[in-house]
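The file my_file-v6.tsv contains TSV, C-alpha atoms:
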chain	number	residue	atom	x	y	z
A	294	MET	CA	14.43	-5.30	33.97
A	295	LEU	CA	15.67	-5.89	37.53
A	296	TYR	CA	14.84	-2.33	38.58
A	297	LEU	CA	11.39	-2.50	37.01
A	298	GLY	CA	10.70	-5.82	38.74
A	299	LEU	CA	11.67	-4.38	42.11
A	300	LEU	CA	9.55	-1.27	41.47
A	301	LEU	CA	6.47	-3.36	40.65
A	302	GLU	CA	7.01	-5.44	43.78
A	303	TRP	CA	7.29	-2.28	45.90
A	304	LEU	CA	4.11	-0.85	44.37
A	305	GLY	CA	2.33	-4.11	45.17
A	306	LEU	CA	3.41	-3.89	48.79
A	307	ARG	CA	2.21	-0.26	49.02
A	308	ARG	CA	-1.19	-1.19	47.62
A	309	GLY	CA	-1.47	-3.84	50.31
A	310	ALA	CA	-0.41	-1.43	53.07
A	311	VAL	CA	-2.32	1.66	51.94
A	312	HIS	CA	-5.98	0.92	51.24
A	313	GLY	CA	-7.22	2.34	47.96
A	314	GLU	CA	-3.89	3.77	46.76
A	315	ASP	CA	-4.07	4.62	43.06
A	316	THR	CA	-0.80	4.48	41.14
A	317	LEU	CA	0.12	5.82	37.71
A	318	LEU	CA	3.12	3.93	36.37
A	319	ALA	CA	5.04	5.79	33.62
A	320	VAL	CA	7.60	3.79	31.64
A	321	GLU	CA	9.79	5.34	28.95
A	322	GLU	CA	10.90	3.12	26.05
A	323	PRO	CA	11.12	-0.21	27.90
A	324	GLU	CA	12.33	-1.87	24.68
A	325	ALA	CA	15.87	-0.53	25.16
A	326	HIS	CA	18.37	-3.42	25.26
A	327	LEU	CA	15.59	-6.04	25.20
A	328	HIS	CA	15.12	-8.88	22.73
A	329	PRO	CA	11.80	-8.60	20.79
A	330	THR	CA	10.24	-11.57	22.59
A	331	LEU	CA	11.15	-10.03	25.95
A	332	GLN	CA	9.65	-6.71	24.84
A	333	ARG	CA	6.29	-8.38	24.23
A	334	HIS	CA	6.50	-10.41	27.43
A	335	LEU	CA	7.35	-7.35	29.52
A	336	PHE	CA	4.53	-5.30	28.02
A	337	ALA	CA	2.00	-8.08	28.60
A	338	HIS	CA	3.14	-8.22	32.23
A	339	LEU	CA	2.78	-4.44	32.63
A	340	LEU	CA	-0.71	-4.53	31.11
A	341	ALA	CA	-1.74	-7.17	33.62
A	342	GLN	CA	-0.78	-4.96	36.58
A	343	PRO	CA	-3.51	-3.07	38.48
A	344	ASN	CA	-1.59	0.19	38.08
A	345	ARG	CA	-2.64	2.74	35.51
A	346	LEU	CA	0.01	2.61	32.80
A	347	LEU	CA	1.56	5.31	30.60
A	348	LEU	CA	4.21	3.91	28.27
A	349	THR	CA	6.18	5.56	25.47
A	350	THR	CA	7.78	3.47	22.75
A	351	HIS	CA	9.28	3.37	19.27
A	352	SER	CA	8.99	-0.40	19.14
A	353	PRO	CA	6.67	-2.04	16.58
A	354	HIS	CA	6.94	-5.18	18.72
A	355	ILE	CA	5.16	-3.40	21.56
A	356	ALA	CA	2.77	-1.50	19.29
A	357	ALA	CA	1.75	-4.78	17.65
A	358	VAL	CA	0.35	-6.18	20.91
A	359	THR	CA	-1.15	-2.95	22.25
A	360	PRO	CA	-4.97	-2.81	22.30
A	361	LEU	CA	-6.07	-0.38	19.57
A	362	PRO	CA	-8.15	1.82	21.93
A	363	SER	CA	-5.03	2.30	24.09
A	364	LEU	CA	-2.83	3.63	21.28
A	365	VAL	CA	-1.95	7.34	21.23
A	366	LEU	CA	0.18	8.62	18.33
A	367	LEU	CA	2.31	11.70	19.02
A	368	LEU	CA	2.95	13.67	15.83
A	369	ASN	CA	4.76	16.83	14.84
A	370	GLY	CA	2.13	19.45	14.01
A	371	ALA	CA	2.30	23.03	12.78
A	372	ALA	CA	1.83	24.36	16.33
A	373	GLY	CA	3.86	21.65	18.11
A	374	SER	CA	3.20	18.08	19.13
A	375	GLU	CA	-0.25	16.63	18.46
A	376	ALA	CA	-1.83	13.52	19.97
A	377	ARG	CA	-4.07	11.33	17.85
A	378	VAL	CA	-6.35	8.60	19.18
A	379	MET	CA	-8.92	6.35	17.55
A	380	SER	CA	-12.53	7.43	18.07
A	381	PRO	CA	-14.35	4.86	20.24
A	382	ASN	CA	-17.12	4.21	17.70
A	383	LEU	CA	-14.96	4.41	14.58
A	384	LEU	CA	-14.76	0.65	14.00
A	385	THR	CA	-17.23	-2.15	14.42
A	386	ALA	CA	-16.27	-4.93	16.82
A	387	PRO	CA	-15.33	-7.33	13.96
A	388	GLU	CA	-13.27	-4.60	12.25
A	389	ARG	CA	-11.42	-3.85	15.49
A	390	ALA	CA	-10.70	-7.54	16.06
A	391	ASP	CA	-9.45	-8.00	12.49
A	392	LEU	CA	-7.16	-4.96	12.69
A	393	GLN	CA	-5.80	-6.08	16.05
A	394	ARG	CA	-4.81	-9.41	14.50
A	395	TYR	CA	-3.43	-7.65	11.43
A	396	LEU	CA	-1.00	-5.45	13.34
A	397	ASN	CA	1.82	-7.95	13.74
A	398	VAL	CA	5.36	-6.66	14.13
A	399	ASN	CA	5.91	-5.97	10.43
A	400	ARG	CA	2.60	-4.25	9.81
A	401	ALA	CA	2.77	-2.23	13.04
A	402	GLU	CA	5.39	-0.23	11.16
A	403	LEU	CA	2.55	1.72	9.58
A	404	LEU	CA	1.86	3.35	12.97
A	405	PHE	CA	5.34	4.92	12.87
A	406	ALA	CA	5.43	5.67	9.13
A	407	GLN	CA	5.45	9.11	7.53
A	408	GLY	CA	3.29	7.67	4.76
A	409	VAL	CA	1.52	4.38	4.06
A	410	VAL	CA	0.66	2.63	0.80
A	411	LEU	CA	-1.97	-0.07	1.32
A	412	VAL	CA	-1.80	-2.91	-1.22
A	413	GLU	CA	-3.54	-6.25	-1.68
A	414	GLY	CA	-0.70	-8.75	-1.45
A	415	ILE	CA	2.98	-9.52	-1.05
A	416	ALA	CA	3.80	-9.07	-4.74
A	417	GLU	CA	3.16	-5.31	-4.57
A	418	THR	CA	5.41	-4.97	-1.50
A	419	TYR	CA	8.35	-6.19	-3.62
A	420	VAL	CA	7.58	-4.47	-6.92
A	421	LEU	CA	6.49	-1.01	-5.77
A	422	PRO	CA	9.69	-0.08	-3.85
A	423	ALA	CA	11.80	-1.50	-6.68
A	424	LEU	CA	10.00	0.64	-9.27
A	425	ALA	CA	10.43	3.70	-7.08
A	426	ARG	CA	14.17	3.05	-6.70
A	427	SER	CA	14.52	2.63	-10.46
A	428	ALA	CA	13.27	6.22	-10.76
A	429	GLY	CA	15.67	7.52	-8.08
A	430	PHE	CA	12.92	7.72	-5.44
A	431	ASN	CA	13.71	5.91	-2.18
A	432	LEU	CA	10.54	5.14	-0.21
A	433	ASP	CA	12.47	4.18	2.94
A	434	ALA	CA	14.28	7.52	2.97
A	435	HIS	CA	10.92	9.23	3.44
A	436	GLY	CA	9.48	6.75	5.94
A	437	ILE	CA	6.95	5.39	3.42
A	438	VAL	CA	5.75	1.87	4.22
A	439	VAL	CA	4.13	-0.41	1.63
A	440	ALA	CA	1.74	-2.56	3.68
A	441	SER	CA	-0.06	-5.62	2.35
A	442	ILE	CA	-3.51	-6.22	3.84
A	443	ASP	CA	-3.63	-9.75	2.38
A	444	GLY	CA	-7.01	-9.13	0.78
A	445	THR	CA	-9.21	-6.42	-0.69
A	446	ASP	CA	-11.18	-5.00	2.27
A	447	PHE	CA	-9.41	-1.66	2.59
A	448	ALA	CA	-12.21	0.20	4.38
A	449	PRO	CA	-11.21	-0.63	8.02
A	450	TYR	CA	-7.63	0.47	7.31
A	451	ALA	CA	-8.86	3.69	5.74
A	452	LYS	CA	-10.89	4.35	8.88
A	453	LEU	CA	-7.90	3.63	11.13
A	454	LEU	CA	-5.55	5.91	9.19
A	455	GLY	CA	-8.13	8.45	8.00
A	456	PRO	CA	-9.27	11.81	9.43
A	457	SER	CA	-11.40	10.25	12.21
A	458	GLY	CA	-8.63	7.82	13.15
A	459	PHE	CA	-4.89	8.44	13.44
A	460	ASN	CA	-4.96	10.88	10.50
A	461	ARG	CA	-1.85	9.53	8.77
A	462	PRO	CA	-1.05	10.14	5.08
A	463	PHE	CA	-1.97	7.03	3.12
A	464	SER	CA	-2.84	5.88	-0.36
A	465	VAL	CA	-4.23	2.67	-1.84
A	466	LEU	CA	-3.31	0.52	-4.83
A	467	THR	CA	-5.85	-2.12	-5.79
A	468	ASP	CA	-6.49	-4.42	-8.74
A	469	GLY	CA	-9.22	-3.40	-11.16
A	470	ASP	CA	-10.71	-6.89	-11.52
A	471	ALA	CA	-12.70	-5.56	-14.48
A	472	VAL	CA	-14.17	-8.98	-15.24
A	473	ASP	CA	-17.15	-9.75	-17.45
A	474	THR	CA	-20.21	-11.52	-16.04
A	475	ASP	CA	-23.71	-12.37	-17.14
A	476	ASP	CA	-26.49	-9.86	-16.49
A	477	LYS	CA	-27.47	-11.54	-13.20
A	478	GLU	CA	-24.09	-10.72	-11.65
A	479	LYS	CA	-23.45	-7.19	-12.84
A	480	TYR	CA	-22.50	-6.27	-9.26
A	481	ARG	CA	-19.28	-8.31	-9.75
A	482	ARG	CA	-18.14	-6.15	-12.64
A	483	GLU	CA	-15.44	-3.57	-11.88
A	484	LEU	CA	-14.78	-4.77	-8.32
A	485	GLY	CA	-11.74	-2.50	-8.08
A	486	LEU	CA	-13.82	0.60	-8.71
A	487	LYS	CA	-16.40	-0.77	-6.28
A	488	ARG	CA	-13.68	-0.93	-3.60
A	489	ALA	CA	-12.74	2.64	-4.49
A	490	LEU	CA	-16.35	3.66	-3.85
A	491	GLY	CA	-16.18	2.13	-0.37
A	492	LEU	CA	-13.05	4.17	0.35
A	493	LEU	CA	-14.60	7.36	-1.00
A	494	THR	CA	-17.41	7.04	1.55
A	495	VAL	CA	-14.65	7.41	4.19
A	496	LEU	CA	-12.43	10.00	2.48
A	497	ALA	CA	-14.72	12.15	0.30
A	498	ASP	CA	-17.87	14.18	0.86
A	499	ALA	CA	-21.26	12.53	0.39
A	500	ALA	CA	-21.98	14.30	-2.91
A	501	THR	CA	-18.75	13.02	-4.48
A	502	ALA	CA	-19.40	9.46	-3.30
A	503	ASP	CA	-23.00	9.57	-4.57
A	504	THR	CA	-21.95	10.85	-8.00
A	505	TYR	CA	-19.27	8.18	-8.19
A	506	GLU	CA	-21.73	5.45	-7.23
A	507	GLU	CA	-24.18	6.55	-9.92
A	508	ALA	CA	-21.46	6.57	-12.61
A	509	LEU	CA	-20.23	3.15	-11.47
A	510	GLY	CA	-23.73	1.76	-11.83
A	511	VAL	CA	-23.85	2.96	-15.44
A	512	LEU	CA	-20.44	1.42	-16.09
A	513	GLN	CA	-21.49	-1.96	-14.68
A	514	GLU	CA	-24.30	-2.15	-17.23
A	515	GLN	CA	-21.72	-2.50	-20.00
A	516	ASN	CA	-20.06	-5.70	-21.18
A	517	LEU	CA	-16.34	-5.65	-21.81
A	518	PRO	CA	-15.47	-5.06	-25.48
A	519	ASP	CA	-14.98	-8.36	-27.35
A	520	THR	CA	-11.66	-7.15	-28.73
A	521	GLY	CA	-10.30	-6.25	-25.29
A	522	GLY	CA	-9.88	-2.91	-23.58
A	523	SER	CA	-12.01	-1.21	-20.96
A	524	ARG	CA	-15.60	-0.07	-20.56
A	525	THR	CA	-16.58	3.39	-21.79
A	526	GLY	CA	-16.25	5.95	-18.99
A	527	ARG	CA	-13.94	3.85	-16.80
A	528	ARG	CA	-11.04	6.28	-17.16
A	529	ASP	CA	-13.07	9.09	-15.56
A	530	LEU	CA	-13.78	7.00	-12.45
A	531	VAL	CA	-10.13	5.95	-12.18
A	532	THR	CA	-9.09	9.61	-12.37
A	533	THR	CA	-11.61	10.66	-9.71
A	534	ALA	CA	-10.40	7.96	-7.32
A	535	ALA	CA	-6.76	8.93	-7.93
A	536	GLY	CA	-7.58	12.44	-6.75
A	537	PHE	CA	-8.22	10.94	-3.30
A	538	GLY	CA	-5.10	8.75	-3.30
A	539	ILE	CA	-6.93	5.61	-4.48
A	540	PHE	CA	-5.30	4.02	-7.53
A	541	VAL	CA	-7.24	1.31	-9.36
A	542	GLY	CA	-5.47	-0.79	-11.98
A	543	PRO	CA	-7.20	-2.29	-15.03
A	544	ASP	CA	-6.91	-5.97	-14.11
A	545	THR	CA	-4.31	-7.55	-11.80
A	546	LEU	CA	-0.70	-6.65	-11.01
A	547	GLU	CA	1.10	-9.12	-13.28
A	548	THR	CA	-0.92	-8.32	-16.39
A	549	ASP	CA	-0.93	-4.58	-15.64
A	550	LEU	CA	2.88	-4.59	-15.59
A	551	ALA	CA	3.30	-6.34	-18.94
A	552	PRO	CA	3.28	-3.22	-21.19
A	553	LEU	CA	5.94	-1.60	-18.96
A	554	LEU	CA	8.06	-4.54	-17.82
A	555	GLY	CA	7.60	-7.23	-20.47
A	556	LYS	CA	11.34	-7.82	-20.87
A	557	GLU	CA	11.95	-8.00	-17.13
A	558	MET	CA	8.94	-10.29	-16.59
A	559	LYS	CA	10.27	-12.79	-19.14
A	560	ALA	CA	13.72	-12.76	-17.54
A	561	ALA	CA	12.29	-13.33	-14.05
A	562	PHE	CA	10.04	-16.14	-15.25
A	563	ASN	CA	12.89	-17.87	-17.08
A	564	GLU	CA	14.90	-17.95	-13.86
A	565	LEU	CA	12.10	-19.75	-12.01
A	566	ALA	CA	10.20	-21.91	-14.50
A	567	ASN	CA	11.21	-25.30	-15.83
A	568	GLY	CA	10.96	-26.25	-19.49
A	569	ARG	CA	11.53	-24.45	-22.77
A	570	ILE	CA	7.90	-24.74	-23.93
A	571	ARG	CA	6.57	-23.24	-20.71
A	572	ARG	CA	8.96	-20.30	-20.99
A	573	GLU	CA	8.07	-19.71	-24.63
A	574	ASN	CA	4.34	-19.79	-23.88
A	575	PHE	CA	4.79	-17.26	-21.08
A	576	ALA	CA	6.80	-14.96	-23.34
A	577	LYS	CA	4.09	-15.21	-26.00
A	578	ALA	CA	1.39	-14.34	-23.43
A	579	VAL	CA	3.37	-11.31	-22.21
A	580	ASP	CA	3.88	-10.10	-25.78
A	581	GLN	CA	0.15	-10.40	-26.54
A	582	VAL	CA	-0.87	-8.37	-23.49
A	583	SER	CA	1.89	-5.81	-24.08
A	584	ALA	CA	0.89	-5.25	-27.71
A	585	GLY	CA	-2.45	-3.59	-27.02
A	586	PRO	CA	-5.97	-4.18	-25.72
A	587	SER	CA	-6.06	-7.72	-24.34
A	588	THR	CA	-8.82	-10.19	-23.62
A	589	ALA	CA	-9.44	-12.03	-20.36
A	590	ILE	CA	-8.11	-15.25	-21.90
A	591	GLN	CA	-4.86	-13.56	-22.91
A	592	ARG	CA	-4.39	-12.04	-19.46
A	593	ASP	CA	-5.14	-15.33	-17.74
A	594	ALA	CA	-2.36	-16.93	-19.77
A	595	ILE	CA	0.09	-14.79	-17.76
A	596	VAL	CA	-1.51	-15.14	-14.33
A	597	SER	CA	-2.09	-18.90	-14.50
A	598	ARG	CA	1.56	-19.55	-15.36
A	599	VAL	CA	2.83	-17.27	-12.59
A	600	GLU	CA	0.60	-18.94	-10.00
A	601	ARG	CA	1.65	-22.47	-10.99
A	602	ASP	CA	4.48	-24.30	-9.18
A	603	PRO	CA	7.39	-23.80	-8.96
A	604	VAL	CA	6.91	-20.06	-9.62
A	605	SER	CA	4.14	-18.51	-7.41
A	606	LYS	CA	3.24	-14.82	-7.29
A	607	GLY	CA	5.52	-14.02	-4.35
A	608	ARG	CA	8.64	-15.66	-5.82
A	609	PHE	CA	7.96	-14.13	-9.21
A	610	ALA	CA	7.62	-10.66	-7.68
A	611	GLN	CA	10.90	-11.09	-5.80
A	612	ARG	CA	12.80	-12.03	-8.94
A	613	LEU	CA	11.06	-9.33	-10.96
A	614	ALA	CA	12.01	-6.69	-8.37
A	615	ALA	CA	15.69	-7.60	-8.78
A	616	HIS	CA	15.45	-6.92	-12.52
A	617	VAL	CA	13.36	-3.77	-12.08
A	618	GLU	CA	15.99	-2.14	-9.87
A	619	GLN	CA	18.43	-2.23	-12.82
A	620	LEU	CA	15.93	-0.36	-15.01
A	621	ASP	CA	15.99	3.32	-15.95
A	622	LEU	CA	12.29	3.84	-15.30
A	623	PRO	CA	11.96	7.46	-16.49
A	624	THR	CA	13.47	6.53	-19.87
A	625	ARG	CA	11.17	3.52	-20.21
A	626	ILE	CA	8.12	5.67	-19.43
A	627	ARG	CA	9.15	8.32	-21.95
A	628	GLU	CA	9.47	5.59	-24.58
A	629	LEU	CA	5.94	4.38	-23.85
A	630	LEU	CA	4.58	7.93	-24.04
A	631	SER	CA	6.76	8.87	-27.03
A	632	VAL	CA	7.94	12.08	-25.35
A	633	SER	CA	11.39	13.64	-25.20
A	634	ALA	CA	13.46	14.19	-22.06
A	635	GLU	CA	12.65	17.91	-22.20
A	636	GLN	CA	8.89	17.37	-22.00
A	637	PRO	CA	7.19	17.17	-18.58
A	638	VAL	CA	5.14	14.07	-17.74
A	639	SER	CA	1.98	14.68	-15.71
A	640	GLN	CA	-0.07	12.33	-13.56
A	641	THR	CA	-2.77	12.51	-16.25
A	642	ASP	CA	-0.22	11.31	-18.82
A	643	LEU	CA	0.71	8.38	-16.59
A	644	LEU	CA	-2.91	7.41	-15.90
A	645	GLY	CA	-3.42	7.15	-19.65
A	646	LEU	CA	-0.75	4.46	-20.05
A	647	PRO	CA	-2.20	0.99	-20.68
A	648	GLY	CA	-1.99	-1.43	-17.78
A	649	CYS	CA	0.66	0.19	-15.60
A	650	GLY	CA	-0.79	3.73	-15.62
A	651	PRO	CA	-2.44	3.82	-12.16
A	652	LEU	CA	0.58	2.21	-10.49
A	653	LEU	CA	2.94	4.77	-12.02
A	654	ALA	CA	0.50	7.56	-11.17
A	655	LEU	CA	0.66	6.41	-7.53
A	656	LEU	CA	4.46	6.70	-7.51
A	657	ASP	CA	4.15	10.13	-9.13
A	658	TYR	CA	1.62	11.14	-6.44
A	659	LEU	CA	4.03	10.04	-3.69
A	660	ARG	CA	7.11	11.67	-5.15
A	661	ARG	CA	5.35	14.99	-5.67
A	662	ARG	CA	4.20	14.88	-2.05
A	663	TYR	CA	7.52	13.94	-0.46
A	664	GLU	CA	10.12	15.39	-2.83
A	665	ASN	CA	8.13	18.01	-4.73
A	666	LEU	CA	9.25	16.31	-7.94
A	667	PRO	CA	7.32	14.36	-10.57
A	668	LEU	CA	8.15	10.69	-11.07
A	669	VAL	CA	9.54	11.53	-14.51
A	670	PRO	CA	11.15	14.97	-14.24
A	671	ALA	CA	11.96	16.98	-17.34
A	672	LEU	CA	15.62	17.87	-17.80
A	673	GLU	CA	15.28	21.35	-16.30
A	674	GLU	CA	13.69	19.87	-13.15
A	675	THR	CA	16.71	17.63	-12.44
A	676	SER	CA	19.55	19.86	-13.63
A	677	GLY	CA	20.21	21.12	-10.09
A	678	SER	CA	20.51	17.65	-8.52
A	679	SER	CA	23.03	14.90	-9.02
A	680	PRO	CA	21.65	11.38	-9.53
A	681	GLY	CA	22.85	10.39	-6.07
A	682	GLU	CA	20.86	13.18	-4.45
A	683	GLN	CA	17.57	12.24	-6.06
A	684	GLY	CA	15.34	10.12	-3.85
A	685	THR	CA	17.26	10.76	-0.62
A	686	GLY	CA	14.90	13.41	0.72
A	687	ARG	CA	17.88	15.59	1.73

Translate the structure of the given file into structure tokens.
Amino acid sequence: MLYLGLLLEWLGLRRGAVHGEDTLLAVEEPEAHLHPTLQRHLFAHLLAQPNRLLLTTHSPHIAAVTPLPSLVLLLNGAAGSEARVMSPNLLTAPERADLQRYLNVNRAELLFAQGVVLVEGIAETYVLPALARSAGFNLDAHGIVVASIDGTDFAPYAKLLGPSGFNRPFSVLTDGDAVDTDDKEKYRRELGLKRALGLLTVLADAATADTYEEALGVLQEQNLPDTGGSRTGRRDLVTTAAGFGIFVGPDTLETDLAPLLGKEMKAAFNELANGRIRRENFAKAVDQVSAGPSTAIQRDAIVSRVERDPVSKGRFAQRLAAHVEQLDLPTRIRELLSVSAEQPVSQTDLLGLPGCGPLLALLDYLRRRYENLPLVPALEETSGSSPGEQGTGR
């Protein structure tokens, strides 16, 4: 810090003595030995200098306060190092401002990640890594970051990370929100698939997006079945989106997990909720949703109790994650599918599971990409690895 301060003072004196001198100041990893608040303060001071500035860093604290147009990502490519920048016209002014505010120190991790999973809220950031670990798949070991966008507008993030942006591997998990409405508000039906359409306009060719939009329009004409379940043809659209790394659940996270994690959900709720009647009613709601096609009223019986004090979605997800990590996920999945340990489990098989299918298909997608293994390997696929080796990426 002392040396850098003296250097800046000397450069200031030179500018005063030599008219029109142009200086390029190169600083390598100024975060070394500095507290995070000092890192941000130092960088803000350097940005305010009249010198042209070239700065290298591994610090998310510095990346979080760097103007987006100034960011350059250096990546390992097939032919050596590659530099990626954001195209000037890639984002609208409001999108750029929103993303700049979004990239706080935690979320700036996605700029350094080997892979990114974009999710709606904090609950997914607890549950997803826990589910992966329960299958012997460590997301941290592969540099995979689960990033909550605190909402449902994924399109700006897809632009930032997509082919015209920083070109980083990413996938998306979003709620299906397959609600029923009257005929005047058909556009509100299947909002999850509608979000997938917005992402396909960024990630897929125009013909694919157009075909998807047409099929979605047909789907939105249908009412939800009175006995529960999904609209006819929905599975095809979910499968198409999954092919582009976009995974759309049936409803919302808590109800989608019930068929897979009913036992763990009850245990987590019992640790947080007060009163025997409240716990029994929650258990009954979980059992109803787990048993088969469920109605909106049955699903709301889970969500409303999770959202009510003193539980809350975030606290519930934290407690649930602790129980999930003790689970043998591959065995649980085989039980749901009624398959033996010798039989392979494909992404198509997982997508067909009620509720949790798209979430499990996402984990399968990630594990195949980073470990060249399915989420639920058959016995012959794991015979060469000890349990401790699985999920380490070594």

Contacts of Lys559 (chain A) at 9 Å (all atoms listed in the file; same-chain gap of 5+ positions) as an mmCIF file with C-alpha atoms, in the coordinates of the input:
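And here is the file that came out, selection25.cif:
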data_model
loop_
_atom_site.group_PDB
_atom_site.id
_atom_site.type_symbol
_atom_site.label_atom_id
_atom_site.label_comp_id
_atom_site.auth_asym_id
_atom_site.auth_seq_id
_atom_site.Cartn_x
_atom_site.Cartn_y
_atom_site.Cartn_z
ATOM 1 C CA LEU A 554 8.060 -4.540 -17.820
ATOM 2 C CA GLU A 564 14.900 -17.950 -13.860
ATOM 3 C CA ARG A 572 8.960 -20.300 -20.990
ATOM 4 C CA PHE A 575 4.790 -17.260 -21.080
ATOM 5 C CA ALA A 576 6.800 -14.960 -23.340
ATOM 6 C CA VAL A 579 3.370 -11.310 -22.210
ATOM 7 C CA LEU A 613 11.060 -9.330 -10.960
#

Check your understanding: Please, what distance in Å, to one decimal, runs between CA of Ser639 (chain A) and CA of Thr467 (chain A)?
Key -> 21.0 Å

Practice item. Please provide the set of residues having any atom within 12 Å of region 510-514 of chain A, restricted to all atoms listed in the file, with same-chain residues fewer than 2 positions apart removed, written as a ChimeraX atom specification. Key: /A:471-487,490,503-508,516-517,523-531

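You can rank A:Asn382, A:Met558, A:Phe405, A:Pro387 by their closest distance to Ala357 (chain A) using only C-alpha atoms, and at the top of that list sits A:Phe405.
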
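Using all atoms listed in the file for every distance, the candidate list A:Ser597, A:Asn665, A:Asn460, A:Thr385 yields A:Asn460 as the residue closest to Val365 (chain A).
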
Check your understanding: Could you state the separation of CA of Leu656 (chain A) and CA of Gly429 (chain A) in Å, given to one decimal place?
Key ->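 Distance between the two atoms: 11.3 Å.
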
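Each of A:Gly370, A:Ala578, A:Pro323, A:Arg461 was checked against Leu348 (chain A) using only C-alpha atoms; the smallest atom-to-atom distance is that of A:Pro323.
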
Revision key, fill the gap. Atom pair CA of Ile442 (chain A) + CA of Tyr419 (chain A), distance 14.0 Å

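The smallest atom-to-atom distance between Arg426 (chain A) and any of A:Pro670, A:Pro623, A:Pro543, A:Pro353, using only C-alpha atoms, is found for A:Pro623.
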
What box, with edges along x, y and z, holds each listed atom of region 656-662 of chain A when 3 Å is added on every side, and can you state its centre and edge lengths in Å to one decimal, as lines of an AutoDock Vina configuration file?
center_x = 4.4
center_y = 10.8
center_z = -5.6
size_x = 11.5
size_y = 14.3
size_z = 13.1

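Nearest residue to Thr359 (chain A) among A:Leu384, A:Leu404, A:Ile437, A:Ala634 is A:Leu404, counting all atoms listed in the file.
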
Atoms are missing here; could region 359-370 of chain A be completed with N, CA and C atoms and written as a compact mmCIF listing (two decimals), in the frame of the given file?
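Saved the output as selection34.txt:
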# COMPACT_ATOMS: atom_id res chain seq x y z
N THR A 359 -0.41 -3.94 21.47
CA THR A 359 -1.15 -2.95 22.25
C THR A 359 -2.60 -2.91 21.79
N PRO A 360 -3.57 -2.94 22.70
CA PRO A 360 -4.97 -2.81 22.30
C PRO A 360 -5.18 -1.50 21.52
N LEU A 361 -5.89 -1.57 20.41
CA LEU A 361 -6.07 -0.38 19.57
C LEU A 361 -6.63 0.82 20.33
N PRO A 362 -7.63 0.64 21.21
CA PRO A 362 -8.15 1.82 21.93
C PRO A 362 -7.13 2.46 22.86
N SER A 363 -6.04 1.76 23.18
CA SER A 363 -5.03 2.30 24.09
C SER A 363 -3.92 3.05 23.36
N LEU A 364 -3.90 2.99 22.04
CA LEU A 364 -2.83 3.63 21.28
C LEU A 364 -3.04 5.14 21.19
N VAL A 365 -1.97 5.89 21.43
CA VAL A 365 -1.95 7.34 21.23
C VAL A 365 -0.73 7.65 20.37
N LEU A 366 -0.94 8.24 19.20
CA LEU A 366 0.18 8.62 18.33
C LEU A 366 0.54 10.07 18.59
N LEU A 367 1.82 10.33 18.85
CA LEU A 367 2.31 11.70 19.02
C LEU A 367 2.98 12.13 17.72
N LEU A 368 2.49 13.22 17.14
CA LEU A 368 2.95 13.67 15.83
C LEU A 368 3.44 15.10 15.89
N ASN A 369 4.33 15.45 14.98
CA ASN A 369 4.76 16.83 14.84
C ASN A 369 3.71 17.60 14.05
N GLY A 370 3.11 18.61 14.68
CA GLY A 370 2.13 19.45 14.01
C GLY A 370 2.65 20.84 13.78
